[in-house]
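Since the structure comes first, as structure tokens, the remarks are kept for the end.
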Amino acid sequence: MFEKRPVIMDGATGTELQRLGMPAGSCTEKWVLENPDKMILLQRAYVSAGSRLIYAPTFGANSINLAKHGIKDDLNIMCRDLVAISREAANGLAMVIGDISSTGELVEPYGDMEEDELFSVFVRQAEAIERAGVDLFGIETQMYLDEAKLAVKAVKEVSSKPIIVSFSCGPTGKTLWGEDLCDVCDELQKLDITAFGVNCCGDLDLLCSILERLHERTQLPLIAKPNAGVPIVKDGRSVYDFPTEKMAEYAIKFHEKGARLIGGCCGTTPLHIEAISRALREV
């Protein structure tokens, strides 16, 4: 799966929903359920631009994140409705990924949460997403290996569907906790994941370097889902101003370095995805 021709992923969700009216600091899942037309509009634009993999907006649909927003919704109902929104947007033209992200919690001895407790949080989320009927799972924006391993094991507890995993990275090209991404990939490959890579990286040259190292180390299809460069601050707001043509040029470089799943993260728009899709059409 994903070994040969590049597969185009979607672009940013959070920054694009903010552009469409979602207030900063909102619970994205709750806002999407209250404004499904905005999510459908965005995801249809990605599909029209060439995306064949789109993330359902279940990113933070876990008990830890929802509690921070004072929300006690039934996860099964929430995930069912969130996945249904993406299914409607995809209209059979794209696969829908069940999105699971980092909780922001640290397990003992680095934090206060017990490993079994965090594992249970991921199992409940994964089970709700599985019941909602996704095509595969995406464990993304991960920060450290131990949490990612718990998320992968939780998905495998409830589903036999493919799992793709991507990490954020710091300026050194390591995880945000200083782990070498090649070592992280080695460990996750033992859990039989389907693809591995990086998302939410604003340094696209650094991402090329990371992909090159990963490609030398693993046969797994690699994921490249960069930000639209590094944001600049205008009128107190972070603004991404990365040319679509430049993103297209990097998409070709990512593919040459081994990436097979290519899209965008923060700041990327349907126009960026359209440029990526056009650039990779002939490779």
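Here's how to read the names in the structure tokens: chain A, B, ... by the order shown, residue numbers from 1 in each chain, ligand numbers from 1 in the order shown.
Secondary structure by DSSP on the backbone puts the following residues of segment 243-281 of chain A in strand (DSSP E): Ala259, Arg260, Leu261 and Ile262 of chain A.
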Residue contacts of Thr194 of chain A (12 Å, only C-alpha atoms) excluding same-chain residues fewer than 4 positions away, as a short mmCIF file (atom, residue, chain, number, x, y, z; two decimals) with all heavy atoms, in the first residue's frame:
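Output contents, as saved in around.cif:
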```cif
data_model
loop_
_atom_site.label_atom_id
_atom_site.label_comp_id
_atom_site.auth_asym_id
_atom_site.auth_seq_id
_atom_site.Cartn_x
_atom_site.Cartn_y
_atom_site.Cartn_z
N MET A 1 0.85 -1.20 0.00
CA MET A 1 0.00 0.00 0.00
C MET A 1 0.88 1.25 0.00
O MET A 1 1.78 1.38 0.84
CB MET A 1 -0.90 0.00 1.24
CG MET A 1 -1.99 1.05 1.23
SD MET A 1 -3.06 0.92 2.69
CE MET A 1 -4.37 2.04 2.22
N PHE A 2 0.67 2.15 -0.93
CA PHE A 2 1.39 3.42 -1.05
C PHE A 2 2.85 3.27 -1.47
O PHE A 2 3.61 4.23 -1.35
CB PHE A 2 1.35 4.22 0.27
CG PHE A 2 -0.02 4.42 0.85
CD1 PHE A 2 -0.26 4.16 2.19
CD2 PHE A 2 -1.07 4.87 0.07
CE1 PHE A 2 -1.52 4.34 2.74
CE2 PHE A 2 -2.34 5.06 0.60
CZ PHE A 2 -2.56 4.79 1.95
N GLU A 3 3.26 2.10 -1.98
CA GLU A 3 4.68 1.91 -2.29
C GLU A 3 5.11 2.54 -3.61
O GLU A 3 6.28 2.83 -3.78
CB GLU A 3 5.03 0.41 -2.36
CG GLU A 3 5.08 -0.29 -1.01
CD GLU A 3 3.73 -0.83 -0.59
OE1 GLU A 3 2.74 -0.59 -1.33
OE2 GLU A 3 3.65 -1.47 0.47
N LEU A 136 -8.70 4.09 7.10
CA LEU A 136 -7.42 3.81 7.75
C LEU A 136 -7.26 4.79 8.90
O LEU A 136 -8.10 5.68 9.09
CB LEU A 136 -6.25 3.92 6.78
CG LEU A 136 -5.91 5.29 6.19
CD1 LEU A 136 -4.47 5.29 5.69
CD2 LEU A 136 -6.84 5.65 5.03
N PHE A 137 -6.20 4.60 9.68
CA PHE A 137 -5.94 5.48 10.82
C PHE A 137 -4.67 6.29 10.57
O PHE A 137 -3.70 5.80 9.99
CB PHE A 137 -5.76 4.67 12.10
CG PHE A 137 -7.03 4.16 12.69
CD1 PHE A 137 -7.63 3.01 12.20
CD2 PHE A 137 -7.65 4.82 13.74
CE1 PHE A 137 -8.81 2.52 12.74
CE2 PHE A 137 -8.84 4.36 14.29
CZ PHE A 137 -9.43 3.20 13.79
N GLY A 138 -4.68 7.54 11.05
CA GLY A 138 -3.50 8.40 10.99
C GLY A 138 -3.17 8.90 12.38
O GLY A 138 -3.97 9.61 13.00
N ILE A 139 -2.02 8.50 12.89
CA ILE A 139 -1.55 8.97 14.19
C ILE A 139 -0.53 10.06 13.89
O ILE A 139 0.56 9.78 13.41
CB ILE A 139 -0.95 7.80 14.99
CG1 ILE A 139 -2.05 6.78 15.28
CG2 ILE A 139 -0.31 8.29 16.28
CD1 ILE A 139 -1.56 5.48 15.85
N VAL A 152 -0.55 3.53 18.60
CA VAL A 152 -0.55 2.45 17.59
C VAL A 152 -1.12 1.17 18.20
O VAL A 152 -1.97 0.49 17.60
CB VAL A 152 0.87 2.21 17.05
CG1 VAL A 152 0.90 0.95 16.18
CG2 VAL A 152 1.35 3.40 16.25
N SER A 160 -8.01 -3.72 12.38
CA SER A 160 -6.94 -4.30 11.56
C SER A 160 -6.62 -3.41 10.37
O SER A 160 -5.91 -3.82 9.45
CB SER A 160 -7.36 -5.69 11.07
OG SER A 160 -8.55 -5.61 10.30
N LYS A 161 -7.13 -2.18 10.38
CA LYS A 161 -6.93 -1.27 9.25
C LYS A 161 -5.51 -0.69 9.27
O LYS A 161 -4.85 -0.67 10.31
CB LYS A 161 -7.97 -0.16 9.29
CG LYS A 161 -9.38 -0.67 8.98
CD LYS A 161 -10.43 0.39 9.17
CE LYS A 161 -11.82 -0.22 8.87
NZ LYS A 161 -12.91 0.71 9.24
N PRO A 162 -5.04 -0.22 8.11
CA PRO A 162 -3.69 0.37 8.04
C PRO A 162 -3.54 1.55 8.99
O PRO A 162 -4.51 2.28 9.26
CB PRO A 162 -3.57 0.81 6.58
CG PRO A 162 -4.58 -0.02 5.84
CD PRO A 162 -5.70 -0.23 6.79
N ILE A 163 -2.31 1.74 9.47
CA ILE A 163 -1.99 2.85 10.36
C ILE A 163 -0.79 3.61 9.79
O ILE A 163 0.26 3.02 9.55
CB ILE A 163 -1.62 2.35 11.77
CG1 ILE A 163 -2.75 1.51 12.37
CG2 ILE A 163 -1.31 3.54 12.69
CD1 ILE A 163 -2.35 0.79 13.65
N ILE A 164 -0.96 4.90 9.57
CA ILE A 164 0.16 5.74 9.17
C ILE A 164 0.51 6.66 10.33
O ILE A 164 -0.38 7.09 11.07
CB ILE A 164 -0.14 6.54 7.89
CG1 ILE A 164 -1.28 7.54 8.09
CG2 ILE A 164 -0.49 5.59 6.73
CD1 ILE A 164 -1.53 8.46 6.90
N VAL A 165 1.80 6.93 10.51
CA VAL A 165 2.26 7.68 11.68
C VAL A 165 3.17 8.81 11.23
O VAL A 165 4.09 8.61 10.43
CB VAL A 165 3.03 6.78 12.67
CG1 VAL A 165 3.45 7.59 13.90
CG2 VAL A 165 2.19 5.58 13.08
N SER A 166 2.93 10.01 11.75
CA SER A 166 3.83 11.13 11.46
C SER A 166 4.11 11.94 12.71
O SER A 166 3.26 12.10 13.58
CB SER A 166 3.25 12.04 10.36
OG SER A 166 2.01 12.59 10.75
N CYS A 185 11.34 5.48 13.88
CA CYS A 185 10.78 4.70 12.78
C CYS A 185 11.07 3.21 12.97
O CYS A 185 10.20 2.36 12.76
CB CYS A 185 11.34 5.20 11.45
SG CYS A 185 10.69 4.33 10.00
N LEU A 188 8.68 1.81 15.59
CA LEU A 188 7.28 1.73 15.16
C LEU A 188 7.09 0.70 14.05
O LEU A 188 6.03 0.10 13.92
CB LEU A 188 6.79 3.10 14.72
CG LEU A 188 6.65 4.13 15.85
CD1 LEU A 188 6.31 5.49 15.29
CD2 LEU A 188 5.58 3.69 16.85
N GLN A 189 8.13 0.50 13.26
CA GLN A 189 8.04 -0.50 12.21
C GLN A 189 7.84 -1.90 12.81
O GLN A 189 7.20 -2.76 12.19
CB GLN A 189 9.30 -0.47 11.35
CG GLN A 189 9.18 -1.25 10.05
CD GLN A 189 10.27 -0.88 9.06
OE1 GLN A 189 11.01 0.07 9.27
NE2 GLN A 189 10.36 -1.62 7.98
N LYS A 190 8.35 -2.12 14.01
CA LYS A 190 8.15 -3.40 14.68
C LYS A 190 6.68 -3.64 15.00
O LYS A 190 6.26 -4.78 15.21
CB LYS A 190 8.97 -3.44 15.98
CG LYS A 190 10.47 -3.38 15.78
CD LYS A 190 11.19 -3.30 17.12
CE LYS A 190 12.69 -3.11 16.95
NZ LYS A 190 13.39 -2.94 18.26
N THR A 218 14.67 2.64 5.95
CA THR A 218 13.44 1.86 5.96
C THR A 218 12.86 1.70 4.57
O THR A 218 13.09 2.54 3.69
CB THR A 218 12.38 2.53 6.87
OG1 THR A 218 11.19 1.73 6.89
CG2 THR A 218 12.01 3.92 6.36
N GLN A 219 12.11 0.63 4.39
CA GLN A 219 11.38 0.41 3.15
C GLN A 219 9.95 0.93 3.24
O GLN A 219 9.19 0.85 2.27
CB GLN A 219 11.35 -1.10 2.82
CG GLN A 219 12.73 -1.69 2.53
CD GLN A 219 13.39 -1.04 1.33
OE1 GLN A 219 12.79 -0.92 0.27
NE2 GLN A 219 14.63 -0.60 1.51
N LEU A 220 9.57 1.45 4.39
CA LEU A 220 8.21 1.98 4.55
C LEU A 220 7.97 3.16 3.62
O LEU A 220 8.87 3.99 3.42
CB LEU A 220 7.98 2.45 5.98
CG LEU A 220 7.74 1.40 7.07
CD1 LEU A 220 7.64 2.10 8.42
CD2 LEU A 220 6.49 0.59 6.80
N PRO A 221 6.78 3.28 3.05
CA PRO A 221 6.43 4.52 2.36
C PRO A 221 6.53 5.69 3.35
O PRO A 221 6.13 5.56 4.50
CB PRO A 221 4.97 4.30 1.93
CG PRO A 221 4.79 2.82 1.93
CD PRO A 221 5.67 2.30 3.02
N LEU A 222 7.08 6.81 2.89
CA LEU A 222 7.30 7.95 3.78
C LEU A 222 6.25 9.04 3.56
O LEU A 222 5.73 9.21 2.45
CB LEU A 222 8.70 8.52 3.55
CG LEU A 222 9.85 7.56 3.85
CD1 LEU A 222 11.19 8.24 3.55
CD2 LEU A 222 9.82 7.07 5.30
N ILE A 223 5.97 9.76 4.63
CA ILE A 223 4.98 10.83 4.63
C ILE A 223 5.69 12.18 4.70
O ILE A 223 6.58 12.38 5.54
CB ILE A 223 4.04 10.71 5.84
CG1 ILE A 223 3.34 9.34 5.86
CG2 ILE A 223 3.02 11.85 5.86
CD1 ILE A 223 2.73 9.01 7.22
N ARG A 260 5.97 9.09 -0.37
CA ARG A 260 4.90 8.58 -1.22
C ARG A 260 3.54 9.14 -0.83
O ARG A 260 2.59 9.06 -1.60
CB ARG A 260 4.86 7.04 -1.17
CG ARG A 260 6.10 6.40 -1.79
CD ARG A 260 6.21 6.69 -3.28
NE ARG A 260 7.43 6.17 -3.87
CZ ARG A 260 8.56 6.86 -4.02
NH1 ARG A 260 8.63 8.13 -3.59
NH2 ARG A 260 9.61 6.31 -4.58
N LEU A 261 3.44 9.68 0.37
CA LEU A 261 2.22 10.35 0.82
C LEU A 261 2.60 11.81 1.06
O LEU A 261 3.38 12.11 1.98
CB LEU A 261 1.67 9.72 2.10
CG LEU A 261 1.06 8.33 1.99
CD1 LEU A 261 2.14 7.26 1.93
CD2 LEU A 261 0.13 8.04 3.15
#
```
_Members of segment 21-218 of chain A assigned helix (DSSP H, G or I) by DSSP, as a PyMOL selection string_ = chain A and resi 28-34+36-49+63-68+75-90+115-132+145-158+181-189+204-217
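By chain and then residue number, the residues within 12 Å of Arg217 of chain A are Leu181, Cys182, Asp183, Val184, Cys185, Asp186, Glu187, Gln189, Phe196, Ile210, Leu211, Lys257 and Gly258 of chain A, counting only C-alpha atoms and disregarding those fewer than 6 positions away in sequence.
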Would you export the selected residues with all heavy atoms as a compact mmCIF listing (two decimals), in the first residue's frame, please?
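Final output, out37.txt:
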```
# COMPACT_ATOMS: atom_id res chain seq x y z
N LEU A 181 14.59 10.49 14.61
CA LEU A 181 13.42 9.99 13.89
C LEU A 181 13.67 8.64 13.22
O LEU A 181 12.74 7.85 13.05
CB LEU A 181 12.96 11.02 12.85
CG LEU A 181 12.18 12.20 13.44
CD1 LEU A 181 12.07 13.33 12.44
CD2 LEU A 181 10.79 11.75 13.89
N CYS A 182 14.90 8.36 12.85
CA CYS A 182 15.21 7.04 12.28
C CYS A 182 15.04 5.95 13.34
O CYS A 182 14.50 4.88 13.05
CB CYS A 182 16.63 7.02 11.71
SG CYS A 182 16.82 7.99 10.20
N ASP A 183 15.47 6.23 14.55
CA ASP A 183 15.30 5.27 15.64
C ASP A 183 13.82 5.09 15.96
O ASP A 183 13.35 3.97 16.23
CB ASP A 183 16.05 5.73 16.90
CG ASP A 183 17.55 5.74 16.70
OD1 ASP A 183 18.05 5.04 15.80
OD2 ASP A 183 18.24 6.48 17.45
N VAL A 184 13.08 6.20 15.94
CA VAL A 184 11.64 6.14 16.19
C VAL A 184 10.96 5.28 15.12
O VAL A 184 10.12 4.42 15.43
CB VAL A 184 11.05 7.56 16.20
CG1 VAL A 184 9.52 7.52 16.17
CG2 VAL A 184 11.53 8.33 17.43
N CYS A 185 11.34 5.48 13.88
CA CYS A 185 10.78 4.70 12.78
C CYS A 185 11.07 3.21 12.97
O CYS A 185 10.20 2.36 12.76
CB CYS A 185 11.34 5.20 11.45
SG CYS A 185 10.69 4.33 10.00
N ASP A 186 12.30 2.89 13.35
CA ASP A 186 12.67 1.49 13.60
C ASP A 186 11.75 0.84 14.62
O ASP A 186 11.28 -0.29 14.44
CB ASP A 186 14.11 1.40 14.10
CG ASP A 186 15.15 1.68 13.02
OD1 ASP A 186 14.77 1.68 11.83
OD2 ASP A 186 16.32 1.90 13.37
N GLU A 187 11.48 1.56 15.70
CA GLU A 187 10.65 1.01 16.77
C GLU A 187 9.20 0.83 16.32
O GLU A 187 8.56 -0.17 16.62
CB GLU A 187 10.71 1.92 18.01
CG GLU A 187 12.04 1.87 18.73
CD GLU A 187 12.36 0.48 19.23
OE1 GLU A 187 11.48 -0.14 19.89
OE2 GLU A 187 13.46 -0.02 18.96
N GLN A 189 8.13 0.50 13.26
CA GLN A 189 8.04 -0.50 12.21
C GLN A 189 7.84 -1.90 12.81
O GLN A 189 7.20 -2.76 12.19
CB GLN A 189 9.30 -0.47 11.35
CG GLN A 189 9.18 -1.25 10.05
CD GLN A 189 10.27 -0.88 9.06
OE1 GLN A 189 11.01 0.07 9.27
NE2 GLN A 189 10.36 -1.62 7.98
N PHE A 196 5.37 6.01 7.50
CA PHE A 196 5.94 6.83 8.57
C PHE A 196 6.49 8.12 7.97
O PHE A 196 7.00 8.12 6.84
CB PHE A 196 7.07 6.08 9.28
CG PHE A 196 7.73 6.89 10.37
CD1 PHE A 196 7.18 6.95 11.63
CD2 PHE A 196 8.90 7.60 10.12
CE1 PHE A 196 7.79 7.71 12.64
CE2 PHE A 196 9.52 8.35 11.12
CZ PHE A 196 8.95 8.40 12.38
N ILE A 210 15.63 14.92 6.40
CA ILE A 210 15.06 13.86 7.23
C ILE A 210 14.56 12.71 6.36
O ILE A 210 14.80 11.53 6.65
CB ILE A 210 13.90 14.42 8.08
CG1 ILE A 210 14.41 15.43 9.10
CG2 ILE A 210 13.16 13.28 8.79
CD1 ILE A 210 13.32 16.21 9.79
N LEU A 211 13.85 13.05 5.28
CA LEU A 211 13.33 12.02 4.38
C LEU A 211 14.46 11.19 3.78
O LEU A 211 14.36 9.96 3.64
CB LEU A 211 12.50 12.65 3.28
CG LEU A 211 11.16 13.28 3.71
CD1 LEU A 211 10.58 14.10 2.56
CD2 LEU A 211 10.17 12.21 4.16
N LYS A 257 13.14 11.92 -2.48
CA LYS A 257 13.75 11.45 -1.23
C LYS A 257 13.01 10.27 -0.62
O LYS A 257 13.38 9.78 0.44
CB LYS A 257 13.80 12.59 -0.20
CG LYS A 257 14.54 13.83 -0.65
CD LYS A 257 16.02 13.58 -0.88
CE LYS A 257 16.74 14.88 -1.24
NZ LYS A 257 18.17 14.65 -1.55
N GLY A 258 11.97 9.79 -1.29
CA GLY A 258 11.27 8.60 -0.82
C GLY A 258 9.85 8.81 -0.34
O GLY A 258 9.17 7.84 0.03
```
*asked:* With only C-alpha atoms as the counted atoms, please give the residues lying no more than 12 Å from Tyr110 of chain A, apart from itself and same-chain residues fewer than 3 positions off, as a VMD selection string.
replied: chain A and resid 105 to 107 113 to 115 144 146 to 147 177
